[in-house]
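For reference, the structure discussed in these notes is given below.
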Amino acid sequence: MVSQTYKTKEFALSGLAGISDKTLEMHFKLYDGYVKETNRLNEKIAEILKDGKVDHEEMPAYSEFTRRLGFEYNGMVLHEYYFGNLRPKSVPEPDKGSAFRKAAEQSFGSFETWKTDFMSVGKMRGVGWALCYEDLENGRLSNHWITLHEVGNVAGFNPILVMDVWEHAFLLDYKPAERPKYIDAFFANLDWKAVEQRLRPAGRKSRAA
Ligand SMILES: [Fe+2]
């Protein structure tokens with residue numbers, strides 16, 4: 001049986017422009033909480049399944065644990081994508097002719113239009129995330145709003161660029177109404193190489209493969 005226990009990943013991330021180390025440290029702790037809670041839910045569900053059945057009395061607790069999986073799993077995984085696409089001393093735009101820029105141009109007509117769309121998704125009111133996905137079936141990029149961690153994710157699509165816009169991502173550095181400033185800072189620290197490495201993983205050419 002494959003182990004259900006997830007380990008908190010370490011991200012050697014500090015010295016970003018406009019996103020303080022204090023914010024990052026607090027954010028790593030929050031992320032660690034999602035890993036722990038994901039493990040805890042899996043343990044609780046495994047405990048119920050131990051006797052091979054989910055009986056009537058167990059059903060309410062089982063249902064609640066199972067419903068919460070979407071929140072905790074996505075809270076864990078999206079933070080890994082988010083930290084994974086940041087780096088210090090970066091540039092706000094990918095190189096001309098790079099794979100990501102080409103994909104954005106093919107999907108949106110121009111990189112600038114893609115960027116306007118992505119940034120505007122990030123500025124939407126509410127608590128959640130802005131995600132740029134790749135449809136593995138045709139290579140098209142599309143930008144999506146995710147409410148909380150789990151509402152709006154597209155099954156089988158490949159997350160390419162992930163931006164946390166919960167207030168905890170910037171509240172130590174900016175006022176709640178200054179989210180656009182945080183979004184500019186996010187772009188100034190984007191690891192475009194990491195983003196490009198996520199495009200079309202080898203051997204995967206369709207959503208369902
Ligand atoms: Fe977060």
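Labels used: A, B, ... for chains in the order of the structure tokens, numbers from 1 for residues in each chain, and numbers from 1 for ligands as shown.
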
Using only C-alpha atoms and all ligand atoms, tabulate the residues of chain A lying at most 8 Å from any atom of ligand 1, each with its closest atom pair and that distance in Å to one decimal, by chain and increasing residue number, as a tab-separated table.
```
residue	atom	partner	partner_atom_place_in_ligand_line	distance
A:His27	CA	ligand 1	1 (Fe)	6.0
A:Leu30	CA	ligand 1	1 (Fe)	6.9
A:Tyr31	CA	ligand 1	1 (Fe)	6.8
A:Gly75	CA	ligand 1	1 (Fe)	7.6
A:His79	CA	ligand 1	1 (Fe)	6.1
A:Asp164	CA	ligand 1	1 (Fe)	5.5
A:Val165	CA	ligand 1	1 (Fe)	7.4
A:Trp166	CA	ligand 1	1 (Fe)	5.9
A:His168	CA	ligand 1	1 (Fe)	6.2
A:Ala169	CA	ligand 1	1 (Fe)	5.4
```

Next item on the list: Would you mind listing what lies within 6 Å of Asp135 of chain A as a list in words, with only C-alpha atoms counted and same-chain residues fewer than 4 positions away left out?
Entry: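 Those residues are Gly139, Arg140 and Phe157 of chain A.
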
Selection export as a compact mmCIF listing (two decimals), in the first residue's frame, atoms kept: N, CA and C atoms:
```
# COMPACT_ATOMS: atom_id res chain seq x y z
N GLY A 139 -2.90 22.08 -25.62
CA GLY A 139 -1.84 23.01 -25.24
C GLY A 139 -2.32 24.42 -24.94
N ARG A 140 -3.64 24.62 -24.97
CA ARG A 140 -4.16 25.98 -24.75
C ARG A 140 -4.07 26.36 -23.28
N PHE A 157 -6.70 19.41 -15.97
CA PHE A 157 -5.89 20.50 -16.52
C PHE A 157 -4.60 20.61 -15.71
```

When DSSP works through the backbone of this structure, what residues of segment 44-205 of chain A end up as strand (DSSP E), shown as a short mmCIF file (atom, residue, chain, number, x, y, z; two decimals) with C-alpha atoms, in the first residue's frame?
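File written: states-v3.cif
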```cif
data_model
loop_
_atom_site.label_atom_id
_atom_site.label_comp_id
_atom_site.auth_asym_id
_atom_site.auth_seq_id
_atom_site.Cartn_x
_atom_site.Cartn_y
_atom_site.Cartn_z
CA GLY A 128 -8.88 32.45 -3.42
CA TRP A 129 -6.33 31.94 -6.15
CA ALA A 130 -5.54 32.87 -9.74
CA LEU A 131 -4.42 29.89 -11.79
CA CYS A 132 -3.13 29.59 -15.32
CA TYR A 133 -3.84 26.10 -16.60
CA GLU A 134 -2.72 24.24 -19.67
CA LEU A 141 -3.66 28.15 -21.67
CA SER A 142 -6.61 29.52 -19.71
CA ASN A 143 -6.79 31.58 -16.53
CA HIS A 144 -9.19 30.68 -13.73
CA TRP A 145 -10.42 31.99 -10.41
CA ILE A 146 -10.42 29.46 -7.59
CA THR A 147 -12.63 30.24 -4.60
CA ASN A 158 -2.24 21.18 -15.77
CA PRO A 159 -1.51 24.09 -13.37
CA ILE A 160 1.27 26.19 -14.92
CA LEU A 161 1.29 29.38 -12.90
CA VAL A 162 -0.27 29.71 -9.47
CA MET A 163 -0.86 32.92 -7.51
CA ASP A 164 -2.21 32.99 -3.97
#
```

Notebook entry, point to check: Residues at most 10 Å from segment 13-22 of chain A, counting only C-alpha atoms, excluding those fewer than 2 positions away in the same chain, as a PyMOL selection string?
Noted result: chain A and resi 10-11+24-28+83-84+86-90+169-174+181-190

Next item on the list: Determine the nearest neighbour of Tyr6 of chain A from the options A:Phe118, A:Tyr34, A:Tyr62, A:Tyr82, counting only C-alpha atoms.
Entry: A:Tyr34

Item checked: Picked from segment 37-120 of chain A by DSSP as helix (DSSP H, G or I), as a ChimeraX atom specification -> /A:37-49,59-84,99-108,111-120

Check: If you measure from atom CA of Phe65 of chain A to atom CA of Ile45 of chain A, what distance in Å do you get, rounded to one decimal?
Finding: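 Straight-line distance from atom CA of Phe65 of chain A to atom CA of Ile45 of chain A works out to 6.9 Å.
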
Next item on the list: Would you mind listing what lies within 9 Å of Phe100 of chain A as a ChimeraX atom specification, with only C-alpha atoms counted and same-chain residues fewer than 2 positions away left out?
Entry: /A:94-95,97-98,102-105,111,192-193,195-196,199

For the residues selected in the previous step, produce a file with all heavy atoms as a CSV table (one decimal), in the first residue's frame.
```csv
chain,number,residue,atom,x,y,z
A,94,PRO,N,8.6,36.7,-19.2
A,94,PRO,CA,9.4,35.6,-19.7
A,94,PRO,C,10.1,36.1,-21.0
A,94,PRO,O,9.7,37.0,-21.7
A,94,PRO,CB,8.4,34.5,-20.1
A,94,PRO,CG,7.1,35.3,-20.3
A,94,PRO,CD,7.1,36.5,-19.4
A,95,ASP,N,11.2,35.5,-21.3
A,95,ASP,CA,12.0,35.8,-22.5
A,95,ASP,C,11.2,35.8,-23.8
A,95,ASP,O,10.3,35.0,-23.9
A,95,ASP,CB,13.2,34.9,-22.6
A,95,ASP,CG,14.2,35.0,-21.5
A,95,ASP,OD1,14.1,36.1,-20.8
A,95,ASP,OD2,15.0,34.1,-21.3
A,97,GLY,N,10.3,34.6,-27.2
A,97,GLY,CA,10.5,33.3,-27.9
A,97,GLY,C,10.5,32.1,-27.0
A,97,GLY,O,10.7,31.0,-27.4
A,98,SER,N,10.3,32.4,-25.7
A,98,SER,CA,10.3,31.2,-24.7
A,98,SER,C,9.0,30.5,-24.8
A,98,SER,O,8.0,31.0,-25.4
A,98,SER,CB,10.5,31.8,-23.3
A,98,SER,OG,9.4,32.6,-22.9
A,102,LYS,N,5.3,31.8,-25.9
A,102,LYS,CA,4.6,31.3,-27.2
A,102,LYS,C,3.2,30.7,-26.9
A,102,LYS,O,2.3,31.0,-27.6
A,102,LYS,CB,5.5,30.2,-27.8
A,102,LYS,CG,6.5,30.7,-28.7
A,102,LYS,CD,7.2,29.6,-29.5
A,102,LYS,CE,8.6,30.0,-30.0
A,102,LYS,NZ,9.5,28.8,-30.0
A,103,ALA,N,3.2,29.9,-25.8
A,103,ALA,CA,1.9,29.3,-25.4
A,103,ALA,C,0.8,30.4,-25.1
A,103,ALA,O,-0.3,30.3,-25.5
A,103,ALA,CB,2.0,28.4,-24.2
A,104,ALA,N,1.3,31.5,-24.4
A,104,ALA,CA,0.4,32.6,-24.1
A,104,ALA,C,-0.1,33.3,-25.4
A,104,ALA,O,-1.2,33.7,-25.5
A,104,ALA,CB,1.1,33.6,-23.1
A,105,GLU,N,0.9,33.5,-26.3
A,105,GLU,CA,0.5,34.2,-27.6
A,105,GLU,C,-0.5,33.4,-28.4
A,105,GLU,O,-1.4,33.9,-28.9
A,105,GLU,CB,1.8,34.4,-28.4
A,105,GLU,CG,2.7,35.6,-27.8
A,105,GLU,CD,4.1,35.6,-28.4
A,105,GLU,OE1,4.5,34.7,-29.1
A,105,GLU,OE2,4.8,36.6,-28.0
A,111,PHE,N,1.2,38.1,-25.3
A,111,PHE,CA,1.6,37.8,-23.9
A,111,PHE,C,0.9,38.9,-23.0
A,111,PHE,O,0.4,38.6,-22.0
A,111,PHE,CB,3.1,37.9,-23.8
A,111,PHE,CG,3.5,37.9,-22.3
A,111,PHE,CD1,3.5,36.7,-21.6
A,111,PHE,CD2,3.9,39.1,-21.7
A,111,PHE,CE1,3.8,36.7,-20.2
A,111,PHE,CE2,4.2,39.1,-20.3
A,111,PHE,CZ,4.2,37.9,-19.6
A,192,TRP,N,10.2,32.1,-14.1
A,192,TRP,CA,9.6,31.7,-15.4
A,192,TRP,C,10.1,30.3,-15.9
A,192,TRP,O,9.4,29.6,-16.6
A,192,TRP,CB,9.9,32.7,-16.5
A,192,TRP,CG,9.2,34.0,-16.2
A,192,TRP,CD1,9.7,35.1,-15.7
A,192,TRP,CD2,7.8,34.2,-16.4
A,192,TRP,NE1,8.7,36.1,-15.5
A,192,TRP,CE2,7.5,35.6,-16.0
A,192,TRP,CE3,6.7,33.5,-16.9
A,192,TRP,CZ2,6.3,36.1,-16.0
A,192,TRP,CZ3,5.5,34.0,-16.9
A,192,TRP,CH2,5.2,35.4,-16.5
A,193,LYS,N,11.3,30.0,-15.5
A,193,LYS,CA,11.9,28.6,-15.8
A,193,LYS,C,11.0,27.5,-15.2
A,193,LYS,O,10.7,26.5,-15.8
A,193,LYS,CB,13.3,28.6,-15.3
A,193,LYS,CG,14.2,27.6,-16.2
A,193,LYS,CD,15.6,27.8,-15.9
A,193,LYS,CE,16.3,28.3,-17.2
A,193,LYS,NZ,17.7,28.6,-16.9
A,195,VAL,N,8.0,27.8,-14.3
A,195,VAL,CA,6.7,27.8,-14.9
A,195,VAL,C,6.8,27.0,-16.2
A,195,VAL,O,5.9,26.1,-16.5
A,195,VAL,CB,6.3,29.3,-15.2
A,195,VAL,CG1,5.1,29.3,-16.2
A,195,VAL,CG2,5.9,30.0,-13.9
A,196,GLU,N,7.8,27.2,-17.0
A,196,GLU,CA,8.0,26.5,-18.3
A,196,GLU,C,8.2,25.0,-18.1
A,196,GLU,O,7.7,24.2,-19.0
A,196,GLU,CB,9.1,27.1,-19.1
A,196,GLU,CG,8.8,28.6,-19.4
A,196,GLU,CD,9.6,29.0,-20.6
A,196,GLU,OE1,10.4,28.3,-21.1
A,196,GLU,OE2,9.2,30.2,-21.1
A,199,LEU,N,5.0,22.9,-18.3
A,199,LEU,CA,4.3,22.8,-19.6
A,199,LEU,C,4.4,21.3,-20.1
A,199,LEU,O,5.5,20.8,-20.1
A,199,LEU,CB,4.8,23.7,-20.7
A,199,LEU,CG,4.5,25.2,-20.5
A,199,LEU,CD1,5.4,26.0,-21.5
A,199,LEU,CD2,3.0,25.5,-20.8
```

Checklist line | Residue nearest Arg101 of chain A - candidates A:Lys50, A:Thr113, A:Glu137, A:Asp55, atoms counted: only C-alpha atoms | finding: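 Ranked by minimum distance to Arg101 of chain A, first place goes to A:Thr113.
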
Next item on the list: Within 12 Å of Glu43 of chain A, counting only C-alpha atoms, which residues show up once you throw out same-chain ones fewer than 4 positions away? Write them as a list of chain:residue names, please.
Entry: A:Ser3, A:Gln4, A:Thr5, A:Tyr6, A:Lys36, A:Glu37, A:Thr38, A:Asn39, A:Glu47, A:Ile48, A:Leu49, A:Lys50, A:Tyr62, A:Phe65, A:Thr66, A:Leu69

Go ahead and dump the residues you just picked, N, CA, C and O atoms, as a PDB file, in the first residue's frame.
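Resulting contents of result-v1.pdb:
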```
ATOM      1  N   SER A   3       2.002   4.881   1.013  1.00  0.00           N
ATOM      2  CA  SER A   3       1.834   5.678   2.231  1.00  0.00           C
ATOM      3  C   SER A   3       0.923   6.878   1.987  1.00  0.00           C
ATOM      4  O   SER A   3       1.029   7.557   0.975  1.00  0.00           O
ATOM      5  N   GLN A   4       0.012   7.126   2.926  1.00  0.00           N
ATOM      6  CA  GLN A   4      -0.909   8.256   2.802  1.00  0.00           C
ATOM      7  C   GLN A   4      -0.342   9.506   3.447  1.00  0.00           C
ATOM      8  O   GLN A   4      -0.996  10.534   3.505  1.00  0.00           O
ATOM      9  N   THR A   5       0.861   9.369   4.012  1.00  0.00           N
ATOM     10  CA  THR A   5       1.404  10.499   4.771  1.00  0.00           C
ATOM     11  C   THR A   5       2.196  11.436   3.869  1.00  0.00           C
ATOM     12  O   THR A   5       3.150  11.024   3.225  1.00  0.00           O
ATOM     13  N   TYR A   6       1.777  12.681   3.853  1.00  0.00           N
ATOM     14  CA  TYR A   6       2.500  13.683   3.064  1.00  0.00           C
ATOM     15  C   TYR A   6       3.522  14.394   3.933  1.00  0.00           C
ATOM     16  O   TYR A   6       3.295  14.612   5.121  1.00  0.00           O
ATOM     17  N   LYS A  36      -0.454  18.838   7.347  1.00  0.00           N
ATOM     18  CA  LYS A  36      -0.823  18.094   8.571  1.00  0.00           C
ATOM     19  C   LYS A  36      -2.307  17.738   8.567  1.00  0.00           C
ATOM     20  O   LYS A  36      -2.690  16.631   8.928  1.00  0.00           O
ATOM     21  N   GLU A  37      -3.121  18.686   8.166  1.00  0.00           N
ATOM     22  CA  GLU A  37      -4.566  18.448   8.187  1.00  0.00           C
ATOM     23  C   GLU A  37      -4.969  17.428   7.120  1.00  0.00           C
ATOM     24  O   GLU A  37      -5.867  16.623   7.339  1.00  0.00           O
ATOM     25  N   THR A  38      -4.283  17.455   5.976  1.00  0.00           N
ATOM     26  CA  THR A  38      -4.540  16.441   4.940  1.00  0.00           C
ATOM     27  C   THR A  38      -4.224  15.058   5.512  1.00  0.00           C
ATOM     28  O   THR A  38      -5.018  14.112   5.375  1.00  0.00           O
ATOM     29  N   ASN A  39      -3.081  14.933   6.164  1.00  0.00           N
ATOM     30  CA  ASN A  39      -2.699  13.652   6.767  1.00  0.00           C
ATOM     31  C   ASN A  39      -3.716  13.219   7.827  1.00  0.00           C
ATOM     32  O   ASN A  39      -4.095  12.051   7.902  1.00  0.00           O
ATOM     33  N   GLU A  47      -9.211   5.056   9.576  1.00  0.00           N
ATOM     34  CA  GLU A  47      -9.684   4.465  10.840  1.00  0.00           C
ATOM     35  C   GLU A  47     -11.098   3.917  10.665  1.00  0.00           C
ATOM     36  O   GLU A  47     -11.406   2.812  11.092  1.00  0.00           O
ATOM     37  N   ILE A  48     -11.929   4.727  10.021  1.00  0.00           N
ATOM     38  CA  ILE A  48     -13.324   4.301   9.791  1.00  0.00           C
ATOM     39  C   ILE A  48     -13.352   3.080   8.867  1.00  0.00           C
ATOM     40  O   ILE A  48     -14.143   2.161   9.052  1.00  0.00           O
ATOM     41  N   LEU A  49     -12.470   3.048   7.888  1.00  0.00           N
ATOM     42  CA  LEU A  49     -12.471   1.959   6.897  1.00  0.00           C
ATOM     43  C   LEU A  49     -11.816   0.669   7.417  1.00  0.00           C
ATOM     44  O   LEU A  49     -11.871  -0.356   6.739  1.00  0.00           O
ATOM     45  N   LYS A  50     -11.216   0.756   8.588  1.00  0.00           N
ATOM     46  CA  LYS A  50     -10.455  -0.371   9.132  1.00  0.00           C
ATOM     47  C   LYS A  50     -11.248  -1.684   9.147  1.00  0.00           C
ATOM     48  O   LYS A  50     -10.716  -2.752   8.847  1.00  0.00           O
ATOM     49  N   TYR A  62     -17.725  10.511   8.633  1.00  0.00           N
ATOM     50  CA  TYR A  62     -17.069  10.109   7.380  1.00  0.00           C
ATOM     51  C   TYR A  62     -17.336  11.140   6.280  1.00  0.00           C
ATOM     52  O   TYR A  62     -16.423  11.547   5.547  1.00  0.00           O
ATOM     53  N   PHE A  65     -15.352  14.449   7.005  1.00  0.00           N
ATOM     54  CA  PHE A  65     -13.916  14.280   6.717  1.00  0.00           C
ATOM     55  C   PHE A  65     -13.691  14.277   5.198  1.00  0.00           C
ATOM     56  O   PHE A  65     -12.762  14.901   4.687  1.00  0.00           O
ATOM     57  N   THR A  66     -14.538  13.557   4.508  1.00  0.00           N
ATOM     58  CA  THR A  66     -14.366  13.407   3.057  1.00  0.00           C
ATOM     59  C   THR A  66     -14.615  14.734   2.336  1.00  0.00           C
ATOM     60  O   THR A  66     -13.869  15.091   1.416  1.00  0.00           O
ATOM     61  N   LEU A  69     -11.635  17.040   2.435  1.00  0.00           N
ATOM     62  CA  LEU A  69     -10.427  16.648   1.687  1.00  0.00           C
ATOM     63  C   LEU A  69     -10.108  17.644   0.575  1.00  0.00           C
ATOM     64  O   LEU A  69      -8.953  17.990   0.353  1.00  0.00           O
TER      65      LEU A  69
END
```

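Restricting the calculation to only C-alpha atoms, the smallest distance between Asp191 of chain A and any of A:Gly33, A:Pro92, A:Pro176, A:Gly122 is found for A:Pro92.
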
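For the choices A:Asn74, A:Ser120, A:Asn42, A:Ser107, the atom-to-atom distance to Val154 of chain A is smallest for A:Asn74 when using only C-alpha atoms.
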
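Nearest residue to Val127 of chain A, choosing from A:Lys53, A:Arg179, A:Lys7, A:Lys115 and counting only C-alpha atoms: A:Arg179.
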
Margin query: Could you tell me how far atom CA of Asn153 of chain A sits from atom CA of Gln106 of chain A, in Å to one decimal place?
Written below: 22.2 Å
